[in-house]
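J.: Provided below: start17.pdb, containing PDB, C-alpha atoms.
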```pdb
ATOM      1  CA  MET A 149      17.460  37.780  17.912
ATOM      2  CA  LYS A 150      18.448  37.571  14.233
ATOM      3  CA  TYR A 151      20.734  34.614  14.953
ATOM      4  CA  LEU A 152      18.024  32.900  17.005
ATOM      5  CA  TYR A 153      15.635  33.051  14.032
ATOM      6  CA  MET A 154      18.370  31.687  11.756
ATOM      7  CA  PHE A 155      19.031  28.850  14.201
ATOM      8  CA  LEU A 156      15.333  27.962  14.488
ATOM      9  CA  ALA A 157      14.956  28.031  10.697
ATOM     10  CA  ALA A 158      17.920  25.685  10.359
ATOM     11  CA  VAL A 159      16.414  23.301  12.918
ATOM     12  CA  VAL A 160      13.121  23.239  11.005
ATOM     13  CA  MET A 161      14.921  22.552   7.713
ATOM     14  CA  VAL A 162      16.890  19.672   9.215
ATOM     15  CA  SER A 163      13.795  18.166  10.846
ATOM     16  CA  CYS A 164      11.947  18.285   7.508
ATOM     17  CA  SER A 165      14.750  16.561   5.602
ATOM     18  CA  THR A 166      15.570  13.904   8.201
ATOM     19  CA  THR A 167      14.017  10.469   8.255
ATOM     20  CA  ARG A 168      12.640   9.489  11.637
ATOM     21  CA  SER A 169      11.800   5.867  12.383
ATOM     22  CA  GLY A 170      10.428   3.653  15.122
ATOM     23  CA  TYR A 171       8.034   0.913  16.127
ATOM     24  CA  VAL A 172       4.389   1.062  17.159
ATOM     25  CA  THR A 173       2.732  -1.641  19.266
ATOM     26  CA  VAL A 174      -0.367  -3.178  17.711
ATOM     27  CA  THR A 175      -2.756  -6.022  18.624
ATOM     28  CA  ASP A 176      -1.410  -8.643  21.024
ATOM     29  CA  GLY A 177       2.039  -7.115  21.279
ATOM     30  CA  GLY A 178       2.871  -7.013  17.581
ATOM     31  CA  LYS A 179       5.234  -4.314  16.329
ATOM     32  CA  LEU A 180       4.911  -2.206  13.186
ATOM     33  CA  TYR A 181       8.017  -0.543  11.803
ATOM     34  CA  TYR A 182       7.516   2.890  10.268
ATOM     35  CA  GLU A 183       9.484   5.818   8.879
ATOM     36  CA  GLU A 184       8.390   9.451   8.569
ATOM     37  CA  ARG A 185       9.808  12.511   6.899
ATOM     38  CA  GLY A 186       8.743  16.076   6.071
ATOM     39  CA  LYS A 187       6.013  18.431   7.287
ATOM     40  CA  GLY A 188       2.477  19.325   6.283
ATOM     41  CA  GLU A 189      -0.507  17.142   5.514
ATOM     42  CA  THR A 190       0.263  13.454   5.975
ATOM     43  CA  VAL A 191       0.690  11.127   3.007
ATOM     44  CA  LEU A 192       0.608   7.486   4.080
ATOM     45  CA  LEU A 193       2.246   4.991   1.681
ATOM     46  CA  LEU A 194       1.058   1.350   1.769
ATOM     47  CA  HIS A 195       3.182  -1.318   0.047
ATOM     48  CA  GLY A 196       2.370  -4.457  -1.925
ATOM     49  CA  HIS A 197       2.542  -8.159  -1.087
ATOM     50  CA  SER A 198       6.026  -9.706  -0.748
ATOM     51  CA  LEU A 199       7.510  -6.193  -0.663
ATOM     52  CA  ASP A 200       8.065  -3.583   2.037
ATOM     53  CA  ARG A 201       8.395   0.157   2.616
ATOM     54  CA  ARG A 202      11.408   0.306   0.225
ATOM     55  CA  MET A 203       9.134   0.003  -2.798
ATOM     56  CA  TRP A 204       8.388   3.704  -2.175
ATOM     57  CA  ASP A 205      12.036   4.835  -2.377
ATOM     58  CA  GLU A 206      11.387   6.987  -5.455
ATOM     59  CA  GLN A 207       8.408   8.677  -3.834
ATOM     60  CA  TRP A 208      10.024   9.144  -0.426
ATOM     61  CA  ARG A 209      12.004  12.357  -0.919
ATOM     62  CA  PRO A 210       9.901  13.970  -3.675
ATOM     63  CA  PHE A 211       6.719  13.623  -1.609
ATOM     64  CA  SER A 212       8.374  14.729   1.643
ATOM     65  CA  LYS A 213       9.485  18.034   0.114
ATOM     66  CA  ARG A 214       5.839  19.104   0.280
ATOM     67  CA  HIS A 215       4.204  16.794   2.827
ATOM     68  CA  HIS A 216       4.640  14.782   6.000
ATOM     69  CA  VAL A 217       5.180  11.305   4.540
ATOM     70  CA  VAL A 218       4.842   8.048   6.467
ATOM     71  CA  ARG A 219       5.725   4.635   5.121
ATOM     72  CA  MET A 220       5.484   1.379   7.032
ATOM     73  CA  ASP A 221       5.983  -2.360   6.835
ATOM     74  CA  PHE A 222       2.752  -4.296   7.223
ATOM     75  CA  ARG A 223       2.753  -6.984   9.859
ATOM     76  CA  GLY A 224       4.448 -10.001   8.300
ATOM     77  CA  TYR A 225       6.714  -7.910   6.048
ATOM     78  CA  GLY A 226       9.973  -5.981   6.312
ATOM     79  CA  ARG A 227      11.016  -5.082   9.845
ATOM     80  CA  SER A 228       7.585  -5.558  11.410
ATOM     81  CA  THR A 229       6.749  -8.639  13.463
ATOM     82  CA  GLU A 230       5.333 -11.766  11.807
ATOM     83  CA  GLN A 231       1.680 -12.571  11.425
ATOM     84  CA  ARG A 232       0.101 -15.418  13.374
ATOM     85  CA  GLU A 233      -2.362 -18.107  12.375
ATOM     86  CA  ASP A 234      -4.157 -17.856  15.719
ATOM     87  CA  LEU A 235      -4.605 -14.071  15.863
ATOM     88  CA  GLN A 236      -7.389 -12.386  13.925
ATOM     89  CA  MET A 237      -6.220  -8.954  12.862
ATOM     90  CA  THR A 238      -6.555  -6.778   9.784
ATOM     91  CA  HIS A 239      -3.994  -4.615   8.085
ATOM     92  CA  VAL A 240      -6.267  -1.565   8.081
ATOM     93  CA  ASP A 241      -6.747  -1.761  11.849
ATOM     94  CA  ASP A 242      -2.949  -1.845  12.237
ATOM     95  CA  VAL A 243      -2.724   1.238  10.006
ATOM     96  CA  LEU A 244      -5.265   3.074  12.172
ATOM     97  CA  THR A 245      -3.227   2.215  15.278
ATOM     98  CA  LEU A 246      -0.139   3.625  13.582
ATOM     99  CA  MET A 247      -1.994   6.829  12.689
ATOM    100  CA  ASP A 248      -3.262   7.192  16.257
ATOM    101  CA  SER A 249       0.231   6.640  17.655
ATOM    102  CA  LEU A 250       1.654   9.336  15.376
ATOM    103  CA  HIS A 251      -1.269  11.691  16.206
ATOM    104  CA  VAL A 252      -2.419  11.715  12.580
ATOM    105  CA  GLN A 253      -6.170  12.243  12.494
ATOM    106  CA  ARG A 254      -6.535  12.178   8.693
ATOM    107  CA  ALA A 255      -4.186  11.335   5.846
ATOM    108  CA  HIS A 256      -3.870  11.089   2.108
ATOM    109  CA  VAL A 257      -3.705   7.302   1.802
ATOM    110  CA  VAL A 258      -1.785   5.902  -1.184
ATOM    111  CA  GLY A 259      -1.760   2.139  -1.656
ATOM    112  CA  LEU A 260      -0.553  -0.101  -4.474
ATOM    113  CA  SER A 261      -1.669  -3.702  -5.035
ATOM    114  CA  MET A 262      -2.067  -5.182  -1.525
ATOM    115  CA  GLY A 263      -1.679  -1.636  -0.224
ATOM    116  CA  ALA A 264      -4.655  -0.672  -2.404
ATOM    117  CA  PHE A 265      -6.713  -3.441  -0.754
ATOM    118  CA  VAL A 266      -5.956  -1.819   2.599
ATOM    119  CA  ALA A 267      -6.675   1.688   1.293
ATOM    120  CA  GLY A 268      -9.982   0.329  -0.035
ATOM    121  CA  ASP A 269     -10.825  -1.125   3.367
ATOM    122  CA  MET A 270     -10.199   2.271   4.967
ATOM    123  CA  LEU A 271     -12.276   4.045   2.327
ATOM    124  CA  ALA A 272     -15.235   1.788   3.089
ATOM    125  CA  MET A 273     -14.872   1.289   6.837
ATOM    126  CA  HIS A 274     -13.228   4.510   8.063
ATOM    127  CA  PRO A 275     -13.578   7.295   5.450
ATOM    128  CA  GLU A 276     -13.443   9.901   8.228
ATOM    129  CA  ARG A 277      -9.703   9.140   8.592
ATOM    130  CA  MET A 278      -8.918  10.011   4.966
ATOM    131  CA  LEU A 279      -8.136  13.311   3.270
ATOM    132  CA  SER A 280      -8.020  11.456  -0.029
ATOM    133  CA  CYS A 281      -7.542   7.926  -1.322
ATOM    134  CA  VAL A 282      -5.290   6.625  -4.100
ATOM    135  CA  MET A 283      -5.733   2.985  -5.089
ATOM    136  CA  ALA A 284      -3.142   1.892  -7.653
ATOM    137  CA  SER A 285      -3.188  -1.556  -9.285
ATOM    138  CA  GLY A 286      -5.933  -2.718  -6.945
ATOM    139  CA  GLY A 287      -9.036  -1.833  -4.987
ATOM    140  CA  ILE A 288     -11.489  -3.315  -2.503
ATOM    141  CA  ARG A 289     -11.106  -7.098  -2.492
ATOM    142  CA  ASN A 290     -13.977  -9.405  -3.360
ATOM    143  CA  SER A 291     -12.972 -11.888  -0.644
ATOM    144  CA  LYS A 292     -14.406 -13.085   2.679
ATOM    145  CA  GLY A 293     -13.855 -10.757   5.621
ATOM    146  CA  PRO A 294     -13.099 -11.415   9.295
ATOM    147  CA  GLY A 295     -16.734 -12.269   9.962
ATOM    148  CA  LYS A 296     -16.331 -15.536   8.033
ATOM    149  CA  PRO A 297     -13.243 -17.355   9.317
ATOM    150  CA  MET A 298     -11.674 -20.274   7.469
ATOM    151  CA  ASP A 299     -13.782 -23.441   7.471
ATOM    152  CA  SER A 300     -12.514 -27.031   7.321
ATOM    153  CA  ALA A 301     -12.751 -27.287   3.528
ATOM    154  CA  GLU A 302     -10.680 -24.144   3.016
ATOM    155  CA  SER A 303      -8.220 -25.323   5.666
ATOM    156  CA  GLN A 304      -7.726 -28.592   3.794
ATOM    157  CA  ARG A 305      -7.183 -26.738   0.516
ATOM    158  CA  ARG A 306      -4.555 -24.588   2.175
ATOM    159  CA  ASP A 307      -2.812 -27.696   3.518
ATOM    160  CA  CYS A 308      -2.540 -28.988  -0.055
ATOM    161  CA  GLU A 309      -1.305 -25.630  -1.378
ATOM    162  CA  ILE A 310       1.321 -25.342   1.349
ATOM    163  CA  ALA A 311       2.533 -28.898   0.724
ATOM    164  CA  ALA A 312       2.797 -28.194  -3.015
ATOM    165  CA  LEU A 313       4.784 -25.014  -2.366
ATOM    166  CA  LYS A 314       7.198 -26.816  -0.066
ATOM    167  CA  GLU A 315       7.715 -29.446  -2.741
ATOM    168  CA  LYS A 316       8.368 -26.808  -5.378
ATOM    169  CA  GLY A 317      10.662 -24.818  -3.106
ATOM    170  CA  VAL A 318      10.343 -21.277  -1.799
ATOM    171  CA  GLN A 319      13.249 -19.980  -3.860
ATOM    172  CA  ARG A 320      11.681 -21.121  -7.115
ATOM    173  CA  MET A 321       8.358 -19.599  -6.051
ATOM    174  CA  LYS A 322      10.091 -16.270  -5.393
ATOM    175  CA  GLU A 323      11.778 -16.332  -8.798
ATOM    176  CA  GLU A 324       8.458 -17.011 -10.535
ATOM    177  CA  TRP A 325       6.752 -14.266  -8.529
ATOM    178  CA  LEU A 326       9.415 -11.748  -9.524
ATOM    179  CA  GLU A 327       8.860 -12.566 -13.185
ATOM    180  CA  GLN A 328       5.091 -12.136 -12.722
ATOM    181  CA  LEU A 329       5.631  -8.641 -11.319
ATOM    182  CA  MET A 330       7.971  -7.843 -14.211
ATOM    183  CA  ALA A 331       5.752  -9.322 -16.910
ATOM    184  CA  THR A 332       3.374  -6.388 -17.441
ATOM    185  CA  GLY A 333       6.121  -3.772 -17.455
ATOM    186  CA  GLY A 334       6.793  -1.430 -20.352
ATOM    187  CA  SER A 335       9.900   0.164 -21.788
ATOM    188  CA  GLN A 336      11.347   1.095 -18.368
ATOM    189  CA  LYS A 337      10.663  -2.162 -16.523
ATOM    190  CA  GLU A 338      14.288  -3.273 -16.106
ATOM    191  CA  ARG A 339      14.963  -0.347 -13.776
ATOM    192  CA  MET A 340      12.823  -2.055 -11.137
ATOM    193  CA  ARG A 341      14.167  -5.608 -11.429
ATOM    194  CA  GLU A 342      16.949  -5.367  -8.833
ATOM    195  CA  PRO A 343      14.954  -3.396  -6.220
ATOM    196  CA  LEU A 344      12.142  -5.946  -6.551
ATOM    197  CA  ARG A 345      14.575  -8.852  -6.361
ATOM    198  CA  ARG A 346      16.123  -7.503  -3.140
ATOM    199  CA  MET A 347      12.768  -7.074  -1.415
ATOM    200  CA  ILE A 348      11.466 -10.469  -2.504
ATOM    201  CA  HIS A 349      14.756 -12.074  -1.405
ATOM    202  CA  ASP A 350      14.403 -10.483   2.048
ATOM    203  CA  TRP A 351      10.732 -11.486   2.364
ATOM    204  CA  THR A 352      10.263 -14.427   4.753
ATOM    205  CA  ALA A 353       7.439 -15.899   2.603
ATOM    206  CA  TRP A 354       5.461 -16.576   5.781
ATOM    207  CA  GLN A 355       2.131 -15.900   4.049
ATOM    208  CA  PRO A 356       2.144 -18.642   1.373
ATOM    209  CA  LEU A 357       3.537 -21.120   3.908
ATOM    210  CA  HIS A 358       0.827 -20.582   6.526
ATOM    211  CA  LYS A 359      -2.943 -20.285   6.923
ATOM    212  CA  GLU A 360      -3.548 -16.561   7.070
ATOM    213  CA  VAL A 361      -6.511 -15.095   8.917
ATOM    214  CA  ARG A 362      -8.808 -12.657   7.092
ATOM    215  CA  LEU A 363      -6.501  -9.669   6.769
ATOM    216  CA  PHE A 364      -8.867  -7.591   4.616
ATOM    217  CA  TYR A 365     -12.503  -6.644   5.149
ATOM    218  CA  GLY A 366     -13.184  -7.425   1.492
ATOM    219  CA  LYS A 367     -16.862  -8.242   0.955
ATOM    220  CA  GLU A 368     -17.708  -6.665   4.304
ATOM    221  CA  ALA A 369     -16.082  -3.454   3.040
ATOM    222  CA  TRP A 370     -18.173  -3.615  -0.155
ATOM    223  CA  GLU A 371     -21.334  -4.009   1.918
ATOM    224  CA  ARG A 372     -20.414  -1.019   4.081
ATOM    225  CA  LEU A 373     -19.603   1.120   1.028
ATOM    226  CA  LYS A 374     -22.932   0.299  -0.609
ATOM    227  CA  MET A 375     -24.949   0.859   2.581
ATOM    228  CA  ARG A 376     -23.420   4.278   3.191
ATOM    229  CA  GLY A 377     -24.477   5.725  -0.125
ATOM    230  CA  LYS A 378     -21.959   7.716  -2.094
ATOM    231  CA  THR A 379     -18.745   8.410  -0.173
ATOM    232  CA  ASP A 380     -17.272  11.887  -0.561
ATOM    233  CA  VAL A 381     -13.566  11.087  -0.067
ATOM    234  CA  PRO A 382     -11.707  12.296  -3.198
ATOM    235  CA  THR A 383     -10.480   9.054  -4.754
ATOM    236  CA  LEU A 384      -8.004   8.350  -7.547
ATOM    237  CA  LEU A 385      -8.032   4.907  -9.151
ATOM    238  CA  LEU A 386      -4.799   4.263 -11.037
ATOM    239  CA  ARG A 387      -4.059   1.466 -13.473
ATOM    240  CA  GLY A 388      -1.080   0.655 -15.673
ATOM    241  CA  ALA A 389      -2.084   0.361 -19.344
ATOM    242  CA  ASN A 390      -0.008  -2.771 -19.957
ATOM    243  CA  GLU A 391      -1.710  -4.701 -17.175
ATOM    244  CA  LEU A 392      -5.183  -3.934 -18.547
ATOM    245  CA  LYS A 393      -4.429  -5.620 -21.898
ATOM    246  CA  GLY A 394      -6.880  -3.351 -23.689
ATOM    247  CA  LYS A 395      -9.722  -3.951 -21.204
ATOM    248  CA  ARG A 396     -10.184  -0.418 -19.884
ATOM    249  CA  ARG A 397     -13.339  -1.094 -17.920
ATOM    250  CA  GLU A 398     -14.028   1.422 -15.164
ATOM    251  CA  PRO A 399     -13.405   0.177 -11.597
ATOM    252  CA  ALA A 400     -16.569  -0.811  -9.719
ATOM    253  CA  GLU A 401     -15.699   1.479  -6.784
ATOM    254  CA  GLN A 402     -16.548   4.509  -8.922
ATOM    255  CA  ARG A 403     -20.278   3.799  -8.640
ATOM    256  CA  TYR A 404     -20.193   4.502  -4.908
ATOM    257  CA  LEU A 405     -18.006   7.624  -4.874
ATOM    258  CA  ILE A 406     -18.944  11.275  -5.264
ATOM    259  CA  ARG A 407     -15.547  12.422  -6.518
ATOM    260  CA  PRO A 408     -13.763   9.545  -8.262
ATOM    261  CA  GLN A 409     -11.084   9.890 -10.908
ATOM    262  CA  TYR A 410      -9.914   6.973 -13.017
ATOM    263  CA  VAL A 411      -6.534   7.390 -14.697
ATOM    264  CA  ILE A 412      -4.576   4.946 -16.841
ATOM    265  CA  LEU A 413      -0.810   5.439 -16.922
ATOM    266  CA  GLU A 414       0.704   4.479 -20.247
ATOM    267  CA  ASP A 415       3.806   2.349 -20.795
ATOM    268  CA  CYS A 416       3.735   0.657 -17.404
ATOM    269  CA  GLY A 417       2.138  -2.233 -15.570
ATOM    270  CA  HIS A 418       1.428  -3.400 -12.045
ATOM    271  CA  MET A 419       4.413  -1.808 -10.267
ATOM    272  CA  MET A 420       3.838   1.599 -11.815
ATOM    273  CA  ASN A 421       5.434   3.653  -9.022
ATOM    274  CA  MET A 422       8.763   1.851  -9.444
ATOM    275  CA  GLU A 423       8.627   1.607 -13.225
ATOM    276  CA  GLN A 424       7.500   5.148 -14.094
ATOM    277  CA  PRO A 425       8.195   7.099 -10.885
ATOM    278  CA  MET A 426       8.192  10.586 -12.405
ATOM    279  CA  LEU A 427       4.803  10.053 -14.057
ATOM    280  CA  PHE A 428       3.398   8.371 -10.944
ATOM    281  CA  ASN A 429       4.681  11.121  -8.637
ATOM    282  CA  ARG A 430       3.327  13.929 -10.793
ATOM    283  CA  THR A 431      -0.067  12.241 -11.140
ATOM    284  CA  VAL A 432      -0.481  11.508  -7.434
ATOM    285  CA  LEU A 433       0.844  14.848  -6.171
ATOM    286  CA  ASP A 434      -1.351  16.783  -8.614
ATOM    287  CA  PHE A 435      -4.358  14.835  -7.355
ATOM    288  CA  ILE A 436      -3.503  15.265  -3.667
ATOM    289  CA  GLU A 437      -2.767  18.963  -3.944
ATOM    290  CA  HIS A 438      -5.099  20.201  -6.658
ATOM    291  CA  GLY A 439      -7.678  17.490  -7.323
ATOM    292  CA  THR A 440      -6.425  17.134 -10.883
ATOM    293  CA  THR A 441      -4.462  14.393 -12.603
ATOM    294  CA  THR A 442      -2.194  13.801 -15.538
ATOM    295  CA  GLY A 443      -2.340  10.758 -17.771
ATOM    296  CA  ASP A 444      -5.136   9.112 -19.726
ATOM    297  CA  SER A 445      -8.201  10.011 -17.671
ATOM    298  CA  HIS A 446     -11.527   8.183 -18.090
TER     299      HIS A 446
END
```
Please express the file's structure as structure tokens.
T.:
Amino acid sequence: MKYLYMFLAAVVMVSCSTTRSGYVTVTDGGKLYYEERGKGETVLLLHGHSLDRRMWDEQWRPFSKRHHVVRMDFRGYGRSTEQREDLQMTHVDDVLTLMDSLHVQRAHVVGLSMGAFVAGDMLAMHPERMLSCVMASGGIRNSKGPGKPMDSAESQRRDCEIAALKEKGVQRMKEEWLEQLMATGGSQKERMREPLRRMIHDWTAWQPLHKEVRLFYGKEAWERLKMRGKTDVPTLLLRGANELKGKRREPAEQRYLIRPQYVILEDCGHMMNMEQPMLFNRTVLDFIEHGTTTGDSH
């Protein structure tokens, strides 16, 4: 019996430290790639535009030592299938399908930049699926939602933008985009240059070359948040000090939340989790586990 317990304990340890991966089928046969690791409450990591699940490499193992961590590639990024111009879908609905497929009823949702737009959509539209919400370098978008599809004037503007991009060249656009992501960094920013370059190089750039559908609920999410009254999901709003350029105005989402925390992380910019991973990890894990944060709180 003693050896059986030892064997079972070893199996549990291996299962907690092993990355498991797969695909989940979403709307109209699309496929989302995901990876999961660890045990406990689920922490769901949502990546930024032009990037993929690898932007969370420095959170992956530290978070999974204490939690069940899931990271994914949004449709149109990484190993997931491409988006389509003729299929209305939203990223948050894909995320909910992933959670259902993995039998995750509620999760701590951590999003950065575009991932924060998606986390904001979930906070407004489906707060019952969240244990907590972390929106870093972003929040609920102030853009048209699925209820207002692209009209002819917007379609014509996009035709002009796509033509201009093709004339400039995708490679040049990617190089300029990398420098934009680097621009707000602080003293440690060079540590993220090569990881960012690899992800942007691997990105197909489908989005700027096509007419995307409304992928975010945006203004519809704002309306839902305001109609509901104050939402009680514990929410952490994170910003990098360098990106704020001295304008430390409180995020508008705070007005509609019962338990918001606003924290500014010093010496970093937009890609804070890659630039200052130890500070980011400590801040987010403290919030998830204890409802407290480190950093410059406002």
J.: Which residue out of A:His358, A:Arg346, A:Glu423, A:Ala267 has the minimum interatomic distance to Cys308 in chain A when all atoms listed in the file are used?
T.: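 Comparing A:His358, A:Arg346, A:Glu423, A:Ala267 against Cys308 in chain A, the winner is A:His358.
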J.: Could you give me, as a list in words, the residues within 12 Å of Gly417 in chain A, counting only C-alpha atoms and dropping anything in the same chain fewer than 5 positions from it?
T.: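 Residues near the query, excluding close chain neighbours: Leu260, Ser261, Ala284, Ser285, Gly286, Gln328, Leu329, Met330, Ala331, Thr332, Gly333, Gly334, Ser335, Gln336, Lys337, Met340, Leu386, Arg387, Gly388, Ala389, Asn390, Glu391, Leu392, Lys393, Ile412, Met422, Glu423, Gln424 and Phe428 of chain A.
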J.: Which residues come within 9 Å of range 236-238 of chain A, counting all atoms listed in the file, excluding same-chain residues fewer than 5 positions away, as a JSON list (two decimals) with C-alpha atoms, in the coordinates of the input?
T.:
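Wrote it out as out.json, contents follow:
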```json
[["chain", "number", "residue", "atom", "x", "y", "z"],
["A", 175, "THR", "CA", -2.76, -6.02, 18.62],
["A", 231, "GLN", "CA", 1.68, -12.57, 11.42],
["A", 243, "VAL", "CA", -2.72, 1.24, 10.01],
["A", 266, "VAL", "CA", -5.96, -1.82, 2.60],
["A", 294, "PRO", "CA", -13.10, -11.42, 9.30],
["A", 297, "PRO", "CA", -13.24, -17.36, 9.32],
["A", 360, "GLU", "CA", -3.55, -16.56, 7.07],
["A", 361, "VAL", "CA", -6.51, -15.10, 8.92],
["A", 362, "ARG", "CA", -8.81, -12.66, 7.09],
["A", 363, "LEU", "CA", -6.50, -9.67, 6.77],
["A", 364, "PHE", "CA", -8.87, -7.59, 4.62],
["A", 365, "TYR", "CA", -12.50, -6.64, 5.15]]
```
J.: Please enumerate the residues selected by the PyMOL selection byres ((chain A and resi 291) around 6) when evaluated against the supplied file, formatted as a VMD selection string.
T.: chain A and resid 289 to 290 292 366 to 367
J.: Find the residue from A:Asp269, A:His349, A:Arg305, A:Asp205 that sits nearest to Met321 in chain A; use all atoms listed in the file when measuring.
T.: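 So, comparing all the options, the nearest one is A:His349.
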J.: Determine the residue set returned by the PyMOL selection byres ((chain A and resi 193-195) around 9) for the present structure, and present it as a list in words.
T.: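 When the PyMOL selection byres ((chain A and resi 193-195) around 9) is applied to the shown file, the picked residues are Val191, Leu192, Gly196, His197, Ser198, Leu199, Asp200, Arg201, Arg202, Met203, Trp204, Val217, Val218, Arg219, Met220, Asp221, Phe222, His256, Val257, Val258, Gly259, Leu260, Ser261, Met262, Gly263, Ala264, Val266 and Ala267 of chain A.
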J.: How many Å lie between CA of Gly186 in chain A and CA of Ser212 in chain A, rounded to one decimal?
T.: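 Here the two named atoms are 4.6 Å from each other.
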J.: Applying 12 Å and all atoms listed in the file, which residues near Gln402 in chain A remain after dropping the ones on its own chain fewer than 2 positions away? List them as a short mmCIF file (atom, residue, chain, number, x, y, z; two decimals) with C-alpha atoms, keeping the file's coordinate frame.
T.:
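What ended up in out_6.cif:
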```cif
data_model
loop_
_atom_site.label_atom_id
_atom_site.label_comp_id
_atom_site.auth_asym_id
_atom_site.auth_seq_id
_atom_site.Cartn_x
_atom_site.Cartn_y
_atom_site.Cartn_z
CA GLY A 268 -9.98 0.33 -0.04
CA MET A 283 -5.73 2.98 -5.09
CA GLY A 287 -9.04 -1.83 -4.99
CA ILE A 288 -11.49 -3.32 -2.50
CA LEU A 373 -19.60 1.12 1.03
CA LYS A 374 -22.93 0.30 -0.61
CA GLY A 377 -24.48 5.72 -0.12
CA LYS A 378 -21.96 7.72 -2.09
CA THR A 379 -18.74 8.41 -0.17
CA ASP A 380 -17.27 11.89 -0.56
CA VAL A 381 -13.57 11.09 -0.07
CA PRO A 382 -11.71 12.30 -3.20
CA THR A 383 -10.48 9.05 -4.75
CA LEU A 384 -8.00 8.35 -7.55
CA LEU A 385 -8.03 4.91 -9.15
CA LEU A 386 -4.80 4.26 -11.04
CA ARG A 397 -13.34 -1.09 -17.92
CA GLU A 398 -14.03 1.42 -15.16
CA PRO A 399 -13.40 0.18 -11.60
CA ALA A 400 -16.57 -0.81 -9.72
CA TYR A 404 -20.19 4.50 -4.91
CA LEU A 405 -18.01 7.62 -4.87
CA ILE A 406 -18.94 11.28 -5.26
CA ARG A 407 -15.55 12.42 -6.52
CA PRO A 408 -13.76 9.54 -8.26
CA GLN A 409 -11.08 9.89 -10.91
CA TYR A 410 -9.91 6.97 -13.02
CA VAL A 411 -6.53 7.39 -14.70
CA HIS A 446 -11.53 8.18 -18.09
#
```
J.: Taking all atoms of range 321-339 of chain A that appear in the file, build a box with edges along x, y and z, extend it by 5 Å on every side, and state its centre and edge lengths in Å to one decimal, as lines of an AutoDock Vina configuration file.
T.:
```
center_x = 9.2
center_y = -9.3
center_z = -13.6
size_x = 21.6
size_y = 30.7
size_z = 26.4
```
